[in-house]
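Here is protein05.cif, consisting of mmCIF, C-alpha atoms and all ligand atoms:
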```
data_protein
#
loop_
_atom_site.label_atom_id
_atom_site.label_comp_id
_atom_site.auth_asym_id
_atom_site.auth_seq_id
_atom_site.Cartn_x
_atom_site.Cartn_y
_atom_site.Cartn_z
CA MET A 19 -17.76 5.73 7.74
CA ALA A 20 -15.01 4.17 9.89
CA HIS A 21 -16.32 4.00 13.45
CA PRO A 22 -13.58 3.56 16.04
CA TYR A 23 -13.64 0.54 18.35
CA VAL A 24 -15.30 2.05 21.45
CA LEU A 25 -14.12 0.65 24.76
CA LEU A 26 -15.95 1.82 27.90
CA SER A 27 -13.59 1.70 30.88
CA ALA A 28 -14.44 2.34 34.53
CA ALA A 29 -13.95 1.21 38.09
CA VAL A 30 -17.03 0.68 40.26
CA SER A 31 -17.70 -0.06 43.91
CA LEU A 32 -19.42 -3.30 44.89
CA ASP A 33 -22.69 -1.35 45.06
CA GLY A 34 -22.24 0.01 41.51
CA PHE A 35 -21.02 3.57 42.11
CA LEU A 36 -18.32 5.44 40.17
CA ASP A 37 -17.52 7.87 42.97
CA ASP A 38 -18.85 9.12 46.30
CA THR A 39 -20.35 12.55 46.92
CA GLY A 40 -17.25 14.01 48.58
CA PRO A 41 -15.17 16.77 46.97
CA GLU A 42 -12.17 14.50 46.27
CA ARG A 43 -12.24 11.78 43.61
CA LEU A 44 -12.76 8.37 45.23
CA LEU A 45 -9.88 6.02 44.33
CA LEU A 46 -11.49 2.69 43.49
CA SER A 47 -8.57 1.00 41.73
CA GLY A 48 -5.33 -0.10 43.38
CA PRO A 49 -1.82 0.40 41.93
CA GLU A 50 -1.97 -2.76 39.78
CA ASP A 51 -5.25 -1.68 38.24
CA PHE A 52 -4.06 1.87 37.56
CA ASP A 53 -1.16 0.28 35.70
CA ARG A 54 -3.59 -1.89 33.69
CA VAL A 55 -5.57 1.24 32.79
CA ASP A 56 -2.32 2.91 31.73
CA GLU A 57 -1.66 0.00 29.38
CA VAL A 58 -5.12 0.35 27.81
CA ARG A 59 -4.52 4.10 27.40
CA ALA A 60 -1.22 3.40 25.68
CA ASP A 61 -3.02 1.06 23.22
CA SER A 62 -5.62 3.69 22.37
CA ASP A 63 -5.62 6.39 19.69
CA ALA A 64 -7.86 8.65 21.77
CA ILE A 65 -9.26 8.94 25.31
CA LEU A 66 -12.68 10.54 25.89
CA VAL A 67 -14.29 11.86 29.08
CA GLY A 68 -17.48 13.83 29.53
CA ALA A 69 -17.50 17.42 30.76
CA GLY A 70 -18.87 16.24 34.13
CA THR A 71 -15.72 14.22 34.78
CA LEU A 72 -13.52 17.17 33.75
CA ARG A 73 -15.37 19.40 36.20
CA SER A 74 -15.36 16.93 39.11
CA ASP A 75 -12.01 15.10 38.78
CA ASN A 76 -9.76 17.51 36.86
CA PRO A 77 -7.93 14.54 35.24
CA ARG A 78 -4.78 14.71 33.09
CA LEU A 79 -5.51 11.52 31.10
CA LEU A 80 -1.91 10.82 30.12
CA VAL A 81 0.11 7.65 29.57
CA ALA A 82 2.15 7.49 32.79
CA SER A 83 4.71 4.83 31.85
CA ALA A 84 7.81 6.22 30.09
CA GLU A 85 8.36 2.82 28.40
CA ARG A 86 4.85 2.81 26.97
CA ARG A 87 5.22 6.39 25.74
CA ALA A 88 8.55 5.50 24.12
CA ALA A 89 6.97 2.45 22.45
CA ARG A 90 4.21 4.65 21.02
CA VAL A 91 6.73 7.11 19.62
CA ALA A 92 8.86 4.28 18.20
CA ALA A 93 5.75 3.00 16.42
CA GLY A 94 5.22 6.43 14.83
CA ARG A 95 2.34 7.40 17.11
CA PRO A 96 2.06 10.54 19.26
CA GLU A 97 3.48 10.16 22.77
CA HIS A 98 -0.02 10.49 24.29
CA PRO A 99 -3.41 9.63 22.78
CA LEU A 100 -5.64 12.41 21.48
CA LYS A 101 -7.71 13.78 24.40
CA VAL A 102 -11.41 14.26 23.70
CA THR A 103 -14.23 15.81 25.68
CA VAL A 104 -17.90 16.49 25.02
CA SER A 105 -19.87 19.39 26.46
CA ALA A 106 -23.18 20.85 25.33
CA SER A 107 -22.93 23.89 27.58
CA GLY A 108 -19.29 24.85 26.96
CA ASP A 109 -19.07 25.38 30.71
CA LEU A 110 -15.49 24.15 31.14
CA ASP A 111 -12.64 25.47 33.25
CA PRO A 112 -9.85 26.79 30.98
CA THR A 113 -7.27 26.17 33.73
CA ALA A 114 -8.13 22.44 33.98
CA ARG A 115 -5.16 20.06 33.69
CA PHE A 116 -6.79 18.34 30.71
CA TRP A 117 -5.96 21.34 28.48
CA HIS A 118 -2.39 21.96 29.66
CA THR A 119 -0.88 18.45 29.59
CA GLY A 120 -0.24 15.85 26.88
CA GLY A 121 -0.66 16.34 23.15
CA ALA A 122 -3.63 17.11 20.87
CA LYS A 123 -7.07 17.86 22.35
CA ILE A 124 -10.52 18.28 20.88
CA ALA A 125 -13.77 19.49 22.48
CA TYR A 126 -17.03 18.50 20.74
CA THR A 127 -19.78 20.92 21.57
CA THR A 128 -22.86 22.76 20.32
CA ASP A 129 -22.71 25.93 18.24
CA GLU A 130 -23.59 27.86 21.38
CA GLY A 131 -20.94 26.04 23.45
CA ALA A 132 -18.32 26.69 20.75
CA ARG A 133 -18.78 30.46 20.98
CA ARG A 134 -17.96 30.20 24.67
CA LEU A 135 -15.10 27.69 24.40
CA ARG A 136 -13.29 29.54 21.59
CA GLU A 137 -12.95 32.51 23.91
CA LEU A 138 -12.01 30.45 26.97
CA LEU A 139 -9.73 27.63 25.88
CA PRO A 140 -6.05 27.68 24.88
CA THR A 141 -5.70 28.24 21.14
CA ASP A 142 -4.10 24.82 20.49
CA VAL A 143 -7.37 23.07 21.54
CA GLU A 144 -9.63 22.21 18.62
CA VAL A 145 -13.21 23.24 19.27
CA ALA A 146 -15.63 21.26 17.07
CA PRO A 147 -19.21 22.61 16.94
CA LEU A 148 -21.78 20.01 15.85
CA GLY A 149 -24.93 22.11 15.56
CA PRO A 150 -27.68 22.73 18.13
CA ALA A 151 -27.04 19.33 19.82
CA VAL A 152 -24.15 16.87 20.00
CA GLU A 153 -25.03 13.47 18.54
CA TRP A 154 -22.77 10.63 19.67
CA ALA A 155 -22.85 8.94 16.26
CA VAL A 156 -21.54 12.19 14.71
CA VAL A 157 -18.75 12.46 17.31
CA LEU A 158 -17.64 8.88 16.58
CA ALA A 159 -17.83 9.35 12.81
CA HIS A 160 -15.70 12.51 13.06
CA LEU A 161 -13.15 10.77 15.28
CA GLY A 162 -12.96 7.82 12.87
CA ASP A 163 -13.10 9.56 9.51
CA VAL A 164 -11.37 12.88 10.20
CA LYS A 165 -9.08 12.14 13.15
CA GLY A 166 -8.15 8.59 12.09
CA VAL A 167 -9.03 7.16 15.52
CA ARG A 168 -9.30 3.36 15.40
CA ARG A 169 -9.42 2.63 19.15
CA LEU A 170 -11.27 4.99 21.48
CA MET A 171 -11.06 4.51 25.25
CA VAL A 172 -13.96 6.15 27.10
CA GLU A 173 -13.13 6.88 30.73
CA GLY A 174 -16.49 8.13 31.93
CA GLY A 175 -18.41 9.40 33.51
CA GLY A 176 -21.75 7.75 34.07
CA HIS A 177 -23.74 9.96 31.72
CA VAL A 178 -21.39 9.26 28.81
CA HIS A 179 -21.16 5.49 29.47
CA THR A 180 -24.93 5.24 29.74
CA ARG A 181 -25.62 7.03 26.46
CA LEU A 182 -22.99 5.13 24.45
CA LEU A 183 -24.22 1.76 25.68
CA GLN A 184 -27.90 2.61 25.26
CA GLN A 185 -27.34 3.84 21.71
CA GLY A 186 -25.53 0.62 20.75
CA LEU A 187 -22.28 2.48 20.10
CA ALA A 188 -20.05 0.69 22.64
CA ASP A 189 -18.00 -2.25 21.37
CA GLU A 190 -16.75 -3.39 24.75
CA LEU A 191 -17.18 -2.76 28.45
CA ARG A 192 -14.17 -3.09 30.80
CA LEU A 193 -15.26 -2.85 34.38
CA ALA A 194 -12.98 -3.07 37.40
CA VAL A 195 -15.04 -4.02 40.45
CA ALA A 196 -13.42 -2.67 43.63
CA PRO A 197 -13.94 -4.30 47.04
CA LEU A 198 -15.61 -1.38 48.80
CA PHE A 199 -19.03 0.18 49.22
CA VAL A 200 -20.13 3.77 48.69
CA GLY A 201 -23.66 3.50 50.04
CA GLU A 202 -24.78 7.05 49.14
CA ALA A 203 -27.99 7.35 47.14
CA ASP A 204 -26.83 10.54 45.41
CA ALA A 205 -23.41 9.26 44.33
CA PRO A 206 -22.86 8.87 40.53
CA ARG A 207 -23.67 5.46 39.13
CA MET A 208 -21.93 3.76 36.23
CA PHE A 209 -25.20 3.30 34.35
CA GLY A 210 -28.42 5.28 34.74
CA PRO A 211 -32.00 4.32 33.93
CA GLY A 212 -33.21 3.98 30.34
CA ALA A 213 -33.53 1.44 27.55
CA TYR A 214 -30.49 -0.79 27.10
CA PRO A 215 -29.86 -3.36 24.36
CA PRO A 216 -31.94 -6.47 25.21
CA GLY A 217 -30.59 -9.82 26.36
CA ARG A 218 -27.29 -10.76 27.96
CA MET A 219 -23.88 -9.39 27.09
CA ARG A 220 -21.13 -11.90 26.38
CA LEU A 221 -18.39 -12.32 28.95
CA LEU A 222 -14.96 -12.21 27.29
CA GLU A 223 -12.70 -12.31 30.35
CA THR A 224 -12.50 -12.12 34.14
CA ARG A 225 -9.16 -11.41 35.78
CA PRO A 226 -8.08 -10.46 39.31
CA VAL A 227 -5.90 -7.33 39.22
CA GLY A 228 -4.63 -6.77 42.74
CA ASP A 229 -7.78 -6.70 44.87
CA VAL A 230 -10.14 -5.65 42.06
CA VAL A 231 -11.71 -7.95 39.47
CA LEU A 232 -11.65 -6.96 35.82
CA LEU A 233 -14.73 -7.93 33.79
CA ARG A 234 -14.80 -7.62 30.01
CA TYR A 235 -18.17 -7.81 28.28
CA VAL A 236 -19.30 -7.24 24.70
CA PRO A 237 -22.85 -6.44 23.56
CA THR A 238 -24.63 -9.14 21.56
CA ALA A 239 -28.08 -7.82 20.61
CA PRO A 240 -28.41 -6.93 16.90
CA GLY A 241 -29.65 -3.49 15.90
CA THR A 242 -33.09 -2.94 14.45
CA GLY A 243 -34.08 -1.75 10.99
CA ARG A 244 -31.47 -0.19 8.72
CA SER A 245 -29.21 1.24 11.41
CA ALA A 246 -26.22 -0.73 12.66
CA VAL A 247 -24.99 -1.09 16.25
CA ALA A 248 -21.60 -2.25 17.55
CA ALA A 249 -22.92 -5.81 18.03
CA ASP A 250 -23.78 -5.95 14.31
CA ARG A 251 -20.16 -5.29 13.42
CA ARG A 252 -18.99 -7.97 15.86
CA TRP A 253 -21.36 -10.62 14.43
CA LEU A 254 -20.41 -9.70 10.88
CA ARG A 255 -16.72 -10.11 11.74
CA THR A 256 -17.62 -13.60 13.07
CA ALA A 257 -19.29 -14.38 9.72
CA CYS A 258 -16.12 -13.26 7.94
CA GLU A 259 -14.00 -15.52 10.17
CA LEU A 260 -16.30 -18.44 9.27
CA ALA A 261 -15.76 -17.67 5.57
CA ALA A 262 -12.06 -18.29 6.12
CA GLN A 263 -12.90 -21.88 7.24
CA CYS A 264 -14.48 -22.89 3.90
CA PRO A 265 -12.85 -25.68 1.88
CA PRO A 266 -11.14 -23.85 -1.01
CA SER A 267 -12.92 -23.67 -4.37
CA ARG A 268 -12.22 -22.17 -7.79
CA THR A 269 -15.89 -22.20 -8.76
CA ALA A 270 -17.69 -20.71 -5.73
CA PHE A 271 -17.22 -18.01 -3.10
CA SER A 272 -16.20 -18.74 0.47
CA VAL A 273 -18.89 -17.25 2.69
CA GLY A 274 -19.73 -17.36 6.40
CA ALA A 275 -23.14 -16.79 8.00
CA VAL A 276 -24.52 -16.42 11.54
CA ILE A 277 -28.18 -16.18 12.55
CA VAL A 278 -28.77 -14.21 15.76
CA ALA A 279 -31.99 -13.72 17.72
CA ALA A 280 -33.14 -10.23 18.74
CA ASP A 281 -31.85 -10.77 22.29
CA GLY A 282 -28.34 -11.59 21.03
CA THR A 283 -28.63 -15.40 21.30
CA GLU A 284 -26.74 -17.13 18.50
CA LEU A 285 -29.19 -19.49 16.74
CA ALA A 286 -26.95 -21.03 14.06
CA ARG A 287 -23.72 -20.52 12.14
CA ALA A 288 -22.31 -22.09 9.02
CA HIS A 289 -19.93 -21.65 6.12
CA SER A 290 -20.00 -22.58 2.44
CA ARG A 291 -19.33 -26.23 1.53
CA GLU A 292 -19.48 -27.36 5.16
CA GLY A 293 -20.20 -30.93 6.23
CA GLY A 294 -18.81 -32.41 3.02
CA ASP A 295 -21.54 -30.85 0.84
CA PRO A 296 -19.61 -29.30 -2.08
CA VAL A 297 -22.37 -26.89 -3.12
CA VAL A 298 -24.10 -25.81 0.08
CA HIS A 299 -24.12 -22.04 0.76
CA ALA A 300 -23.48 -20.54 4.18
CA GLU A 301 -26.94 -19.01 4.76
CA GLU A 302 -28.60 -22.20 3.45
CA ALA A 303 -26.55 -24.40 5.81
CA ALA A 304 -27.22 -22.12 8.79
CA LEU A 305 -30.99 -22.00 8.15
CA ALA A 306 -31.05 -25.80 7.75
CA LYS A 307 -29.88 -26.14 11.36
CA LEU A 308 -33.04 -24.42 12.64
CA ASP A 309 -36.62 -25.54 13.00
CA PRO A 310 -38.50 -23.53 10.31
CA ALA A 311 -41.21 -22.92 12.94
CA ASP A 312 -38.75 -21.33 15.39
CA PRO A 313 -40.60 -18.12 16.43
CA ARG A 314 -37.29 -16.28 16.94
CA LEU A 315 -36.64 -16.24 13.18
CA ALA A 316 -39.17 -13.44 12.63
CA THR A 317 -37.07 -11.00 14.64
CA ALA A 318 -33.66 -12.53 13.93
CA THR A 319 -30.80 -11.05 11.91
CA VAL A 320 -28.84 -13.03 9.32
CA TYR A 321 -25.18 -11.98 9.07
CA SER A 322 -23.53 -13.03 5.84
CA SER A 323 -20.04 -12.07 4.73
CA LEU A 324 -21.32 -11.87 1.10
CA GLU A 325 -24.84 -10.71 0.24
CA PRO A 326 -27.27 -13.63 -0.18
CA CYS A 327 -27.44 -15.07 -3.71
CA THR A 328 -30.40 -14.57 -6.03
CA ARG A 329 -29.65 -17.10 -8.76
CA ARG A 330 -27.91 -20.46 -8.54
CA ALA A 331 -27.65 -23.56 -10.69
CA SER A 332 -26.75 -26.01 -7.93
CA ARG A 333 -30.00 -25.87 -5.91
CA PRO A 334 -33.63 -24.95 -6.66
CA ALA A 335 -33.82 -21.99 -4.28
CA PRO A 336 -31.26 -19.18 -3.89
CA CYS A 337 -30.38 -17.95 -0.39
CA ALA A 338 -32.41 -14.73 -0.70
CA ARG A 339 -35.51 -16.91 -1.27
CA LEU A 340 -34.62 -19.19 1.68
CA ILE A 341 -34.25 -16.15 3.95
CA LEU A 342 -37.63 -14.77 2.86
CA ASP A 343 -39.28 -18.18 3.33
CA ALA A 344 -37.79 -18.41 6.84
CA GLY A 345 -39.49 -15.11 7.69
CA VAL A 346 -36.24 -13.29 8.53
CA ARG A 347 -36.65 -9.51 8.17
CA ARG A 348 -33.10 -8.23 8.66
CA VAL A 349 -29.82 -9.07 6.90
CA VAL A 350 -26.38 -7.57 7.58
CA THR A 351 -23.67 -8.09 5.00
CA ALA A 352 -20.17 -6.89 4.21
CA TRP A 353 -19.87 -7.27 0.47
CA ARG A 354 -22.09 -6.90 -2.61
CA GLU A 355 -21.75 -9.90 -4.94
CA PRO A 356 -19.36 -9.15 -7.83
CA ASP A 357 -20.04 -10.40 -11.37
CA THR A 358 -17.53 -13.26 -11.04
CA PHE A 359 -20.09 -16.09 -11.41
CA VAL A 360 -23.45 -14.31 -11.86
CA ALA A 361 -23.94 -10.95 -13.60
CA SER A 362 -25.83 -8.26 -11.60
CA ALA A 363 -26.86 -10.65 -8.81
CA ASP A 364 -28.20 -7.94 -6.41
CA GLY A 365 -29.34 -10.13 -3.50
CA SER A 366 -29.64 -6.99 -1.37
CA GLY A 367 -32.05 -5.44 -3.88
CA ALA A 368 -34.15 -8.62 -4.06
CA LEU A 369 -34.48 -8.74 -0.27
CA THR A 370 -35.14 -5.02 0.10
CA ALA A 371 -37.90 -5.25 -2.52
CA GLN A 372 -39.64 -7.77 -0.24
CA GLY A 373 -39.42 -5.46 2.79
CA VAL A 374 -36.30 -6.95 4.40
CA ASP A 375 -33.94 -4.45 6.03
CA VAL A 376 -30.52 -4.98 4.46
CA VAL A 377 -27.56 -3.29 6.14
CA LEU A 378 -24.25 -3.10 4.27
CA LEU A 379 -21.16 -2.58 6.44
CA PRO A 380 -18.35 -1.84 3.97
CA GLU A 381 -15.79 -1.63 6.80
CA CYS A 382 -15.91 -5.44 6.89
CA GLU A 383 -15.59 -5.86 3.09
CA ARG A 384 -11.85 -6.46 3.15
CA ARG A 385 -12.28 -9.34 5.65
CA ALA A 386 -15.09 -10.85 3.55
CA LYS A 387 -12.99 -10.73 0.40
CA ALA A 388 -9.80 -12.12 1.94
CA PRO A 389 -10.63 -15.86 1.52
CA ASN A 390 -11.82 -15.13 -2.04
CA ALA A 391 -8.83 -13.17 -3.34
CA HIS A 392 -7.99 -15.97 -5.83
CA LEU A 393 -11.40 -15.47 -7.50
CA LEU A 394 -11.16 -11.71 -7.92
CA SER A 395 -9.46 -9.57 -10.52
CA PRO A 396 -6.69 -7.40 -9.00
CA PRO A 397 -8.77 -4.16 -8.74
CA ASP A 398 -11.54 -6.06 -6.88
CA ARG A 399 -9.24 -7.62 -4.30
CA SER A 400 -8.81 -4.62 -1.99
N1 LIG B 501 -14.76 5.33 38.66
C1 LIG B 501 -14.42 5.68 37.46
O1 LIG B 501 -13.79 4.91 36.71
C2 LIG B 501 -14.81 7.04 36.94
C3 LIG B 501 -14.38 7.46 35.67
C4 LIG B 501 -14.81 8.70 35.21
C5 LIG B 501 -15.66 9.46 35.97
N2 LIG B 501 -16.05 9.03 37.19
C6 LIG B 501 -16.98 9.82 38.01
O2 LIG B 501 -18.13 10.11 37.25
C7 LIG B 501 -18.67 11.34 37.72
C8 LIG B 501 -18.99 12.22 36.53
O3 LIG B 501 -19.97 11.57 35.74
P1 LIG B 501 -21.18 12.38 35.12
O4 LIG B 501 -22.17 11.41 34.64
O5 LIG B 501 -21.62 13.42 36.12
O6 LIG B 501 -20.51 13.20 33.95
P2 LIG B 501 -19.86 12.78 32.55
O7 LIG B 501 -20.53 11.61 31.98
O8 LIG B 501 -18.40 12.77 32.69
O9 LIG B 501 -20.22 14.08 31.71
C9 LIG B 501 -21.54 14.47 31.46
C10 LIG B 501 -21.50 15.76 30.68
O10 LIG B 501 -20.91 15.51 29.40
C11 LIG B 501 -21.51 16.34 28.45
N3 LIG B 501 -22.21 15.48 27.50
C12 LIG B 501 -22.43 14.17 27.58
N4 LIG B 501 -23.09 13.73 26.51
C13 LIG B 501 -23.30 14.78 25.74
C14 LIG B 501 -23.91 14.97 24.49
N5 LIG B 501 -24.46 13.99 23.78
N6 LIG B 501 -23.96 16.21 24.01
C15 LIG B 501 -23.40 17.22 24.67
N7 LIG B 501 -22.80 17.10 25.86
C16 LIG B 501 -22.75 15.89 26.37
C17 LIG B 501 -22.48 17.25 29.18
O11 LIG B 501 -21.69 18.38 29.53
P3 LIG B 501 -22.25 19.85 29.78
O12 LIG B 501 -22.97 19.73 31.10
O13 LIG B 501 -21.03 20.71 29.86
O14 LIG B 501 -23.16 20.20 28.68
C18 LIG B 501 -22.82 16.39 30.38
O15 LIG B 501 -23.29 17.14 31.48
C19 LIG B 501 -17.66 11.95 38.65
O16 LIG B 501 -18.07 11.75 39.97
C20 LIG B 501 -16.40 11.16 38.38
O17 LIG B 501 -15.56 11.03 39.50
C21 LIG B 501 -15.64 7.85 37.69
#
```
Can you dump the structure from the file as C-alpha cells?
Amino acid sequence: MAHPYVLLSAAVSLDGFLDDTGPERLLLSGPEDFDRVDEVRADSDAILVGAGTLRSDNPRLLVASAERRAARVAAGRPEHPLKVTVSASGDLDPTARFWHTGGAKIAYTTDEGARRLRELLPTDVEVAPLGPAVEWAVVLAHLGDVKGVRRLMVEGGGHVHTRLLQQGLADELRLAVAPLFVGEADAPRMFGPGAYPPGRMRLLETRPVGDVVLLRYVPTAPGTGRSAVAADRRWLRTACELAAQCPPSRTAFSVGAVIVAADGTELARAHSREGGDPVVHAEEAALAKLDPADPRLATATVYSSLEPCTRRASRPAPCARLILDAGVRRVVTAWREPDTFVASADGSGALTAQGVDVVLLPECERRAKAPNAHLLSPPDRS
C-alpha cells in the first residue's frame, strides 16, 4: 500500500479560526502567501477539500501561475493536480466551480451518496463509493495505489484536517498565521476537540510570507500496536538515512536504528559499526546509549531499517534478544533479513512470538537496501 505524503495546508487567524461566520470567504492570506500556496499546489499530484469547504467557499483549486502549469506539462504531468473531495451525504452542488474547471476530479462517498452524485454530477467526474461509511485510510490507499498520487495537498476544512491529524494520517502541517482576529465563537476552527497524537510536533520551518508567518510541523508520536501512522514512516526513513552512514563492509549489513518514546521524544539513534566498533549492530548500539531502567522503554518503539537479528557469531546476544530484555514492545522495520549471512533469520517472527508488535513498512524497503546493494544478488537489489 503506497500512502501519499499528506500535507495539511491552511491559513488561520491569530485566534485560530479558518473563516468567520459571514457569507463570503474570509481572506486570511495576502498576495505573497496565495502565491506560496499556488507553488505547493503545483508540486502536488492531488488537492483534497471536504464537502463543507465546497459548499461554503465554492473554490476552483487550480494552479494559477501559467509558468507553473507549463512546468508541470513539460514534466509529463497534467496541467492541474487531480481534484478530490469527500462527502458522506452526496449533498453537493453540481454547478460548483470545482466540477467545471481544471482536469480530473474524484468524489469519495458512501454507497448512498454515490446514488445521488451519479445523477447530479457531470459525467467526467469519477464517483467512488466506499461502502456505508468513508474511511480516511481507504481514501488514501485508493489515491496512492490506484490513482498514483504521491503528494496530496489537503486544503481543508476544519473537519477534514482534524480527522486526518487525529488518525495519524497527516505527514506535515503547513499553517499560515494571519495577523487578524475573528473573535466569533461559532466560526470554524482549524482543529476541533478530540484525541490527538501525544507529545510535541517537530518544527521544520518558520518563514515570514508578506505579513503572515508560515509554520511547518511534522508529527512525531509513534503509532500503537500493529497499525502504522505517518510519524512511523518518518522515523523509519530516519533509520534508513542512518544506515547510509555506516562504514562500508563486505561481511555485514549497514543498518540504522532509532528508539522513540511514546510521546515522540527521540531517545537514541545509532548505526552499524559506529564508534569504531567493527561488529556492533545498530539496535545494540542505540540501546547501549540508554539506561536499561529508563521507564520510557516499555512504551517506546524501535525503528530499524533491517529487522533485528536472531543469530550472530560476533556477540553473545542477538538484537531481538536485546530488544526483549530492554522491555520494548513495538518494532517498526523496512526490510526482512535476506539469507545473505544467516539462513531463515526471521527476527520479526522471534519478536512477534514474544508478544512484540512488529510493523513492516515495505514502502521503505528500497531505502533500507540502498547502502547494502553490494551484498545482494541482482534480483534482491530492487
Ligand atoms: N482558512 C483556510 O485555509 C481554509 C481552507 C479550507 C476551508 N476553510 C473554511 O473551513 C470551513 C469548512 O470547514 P468544515 O469543517 O465545515 O468542512 P470540511 O472539513 O471542508 O468538510 C466536512 C465535510 O466533508 C465530508 N467528510 C469529511 N470527512 C468525511 C468522511 N470521513 N466520510 C465522509 N464524508 C466526510 C462531510 O461531507 P457531507 O456533509 O457532505 O457528508 C463533512 O460534512 C469553511 O468556513 C471554509 O471557509 C478555510
Discussion item. What's around range 203-209 of chain A at 8 Å? Count only C-alpha atoms, leave out sequence neighbours fewer than 4 positions away in its own chain, and write the answer as an NGL selection string.
Written reply: :A and (28 or 30 or 34-39 or 175-177 or 179-180)
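Near ligand LIG 501 (chain B), at distances of 6 Å or less and with only C-alpha atoms and all ligand atoms counted, sit the residues Ala28, Ala29, Val30, Leu36, Asp37, Arg43, Val67, Gly68, Ala69, Gly70, Thr71, Ser74, Asp75, Val104, Ser105, Ala106, Ser107, Gly108, Asp109, Val152, Glu153, Trp154, Glu173, Gly174, Gly175, Gly176, His177, Val178 and Pro206 of chain A.
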With a distance cut-off of 8 Å and all atoms listed in the file, select the neighbouring residues of range 124-129 of chain A, excluding the residue or stretch itself and same-chain residues fewer than 4 positions from it, and output the selection as an mmCIF file with C-alpha atoms, in the coordinates of the input.
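part_32.cif, freshly written:
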```cif
data_model
loop_
_atom_site.group_PDB
_atom_site.id
_atom_site.type_symbol
_atom_site.label_atom_id
_atom_site.label_comp_id
_atom_site.auth_asym_id
_atom_site.auth_seq_id
_atom_site.Cartn_x
_atom_site.Cartn_y
_atom_site.Cartn_z
ATOM 1 C CA LEU A 100 -5.640 12.410 21.480
ATOM 2 C CA LYS A 101 -7.710 13.780 24.400
ATOM 3 C CA VAL A 102 -11.410 14.260 23.700
ATOM 4 C CA THR A 103 -14.230 15.810 25.680
ATOM 5 C CA VAL A 104 -17.900 16.490 25.020
ATOM 6 C CA SER A 105 -19.870 19.390 26.460
ATOM 7 C CA ALA A 106 -23.180 20.850 25.330
ATOM 8 C CA SER A 107 -22.930 23.890 27.580
ATOM 9 C CA GLY A 108 -19.290 24.850 26.960
ATOM 10 C CA ARG A 133 -18.780 30.460 20.980
ATOM 11 C CA VAL A 143 -7.370 23.070 21.540
ATOM 12 C CA GLU A 144 -9.630 22.210 18.620
ATOM 13 C CA VAL A 145 -13.210 23.240 19.270
ATOM 14 C CA ALA A 146 -15.630 21.260 17.070
ATOM 15 C CA PRO A 147 -19.210 22.610 16.940
ATOM 16 C CA LEU A 148 -21.780 20.010 15.850
ATOM 17 C CA GLY A 149 -24.930 22.110 15.560
ATOM 18 C CA PRO A 150 -27.680 22.730 18.130
ATOM 19 C CA ALA A 151 -27.040 19.330 19.820
ATOM 20 C CA VAL A 152 -24.150 16.870 20.000
ATOM 21 C CA VAL A 157 -18.750 12.460 17.310
#
```
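Coordinates place CA of Tyr235 in chain A at a distance of 24.8 Å from CA of Leu80 in chain A.
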Worksheet item: So which residues are close to (-22.5, -5.0, 22.0), meaning at most 6 Å away in the file's coordinates with only C-alpha atoms counted, and can you show them as a VMD selection string?
Response: chain A and resid 189 236 to 238 248 to 249
Keeping only C-alpha atoms, take the residues you just selected and write them out as a compact mmCIF listing (two decimals), in the coordinates of the input.
```txt
# COMPACT_ATOMS: atom_id res chain seq x y z
CA ASP A 189 -18.00 -2.25 21.37
CA VAL A 236 -19.30 -7.24 24.70
CA PRO A 237 -22.85 -6.44 23.56
CA THR A 238 -24.63 -9.14 21.56
CA ALA A 248 -21.60 -2.25 17.55
CA ALA A 249 -22.92 -5.81 18.03
```
Discussion item. Which polymer residues, whether protein, DNA or RNA, lie within 12 Å of the coordinate (-34.5, -25.5, 10.0) when you count only C-alpha atoms? List them as a list in words, using the chain letters and numbers from the file.
Written reply: Ile277, Leu285, Ala286, Glu301, Glu302, Ala303, Ala304, Leu305, Ala306, Lys307, Leu308, Asp309, Pro310, Ala311, Asp312, Pro313, Arg314, Leu315, Leu340, Ile341, Asp343, Ala344 and Gly345 of chain A
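Distances from A:Leu32, A:Val164, A:Ala92, A:Leu393 to Thr269 in chain A were compared using only C-alpha atoms, and the smallest one belongs to A:Leu393.
Taking only C-alpha atoms, the non-local environment of range 46-59 of chain A within 8 Å (same-chain residues fewer than 3 positions away omitted) comprises Ala29, Val30, Ser31, Asp37, Ser62, Ala64, Ile65, Leu80, Val81, Ala82, Ser83, Arg86, Pro99, Met171, Ala194, Ala196, Leu198, Val227, Gly228, Asp229 and Val230 of chain A.
When CA of Arg181 in chain A is paired with CA of Gly212 in chain A, their separation reads 9.1 Å.
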Worksheet entry | Which of A:Ala270, A:Leu191, A:Ala213, A:Ala335 sits closest to Leu232 in chain A [using all atoms listed in the file] | A:Leu191
Worksheet item: Pick the closest to Leu25 in chain A from A:Arg333, A:Ala188, A:Thr113, A:Val346: which is it, counting only C-alpha atoms?
Response: A:Ala188
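Distance annotation: of A:Asp33, A:Asp250, A:Glu259, A:Asp111, the residue with the minimal separation from Leu379 in chain A is A:Asp250; atom set is all atoms listed in the file.
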Discussion item. List as JSON, numbers by chain the protein and nucleic acid residues near Pro326 in chain A, meaning an atom at most 12 Å away when all atoms listed in the file are counted, but skip any in the same chain fewer than 6 places from it.
Written reply: {"A": [271, 273, 274, 275, 290, 299, 300, 301, 302, 320, 335, 336, 337, 338, 339, 340, 341, 342, 348, 349, 350, 351, 352, 353, 354, 355, 356, 363, 364, 365, 366, 367, 368, 369, 370, 376, 378]}
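With all atoms listed in the file as the atoms that count, the minimum distance from Leu394 in chain A to the choices A:Arg95, A:Arg268, A:Arg87, A:Lys165 is reached by A:Arg268.
For the pair CA of Gly162 in chain A and CA of Gln185 in chain A, the interatomic distance is 17.3 Å.
Shortest atom-to-atom contact with Arg255 in chain A among A:Cys382, A:Leu324, A:Val91, A:Ala239: A:Cys382, counting all atoms listed in the file.
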Discussion item. Env of Ala386 in chain A: 6 Å cut, atoms = only C-alpha atoms, seq-sep filter 3 positions within chain, self excluded. Answer as a PyMOL selection string.
Written reply: chain A and resi 258+323+383
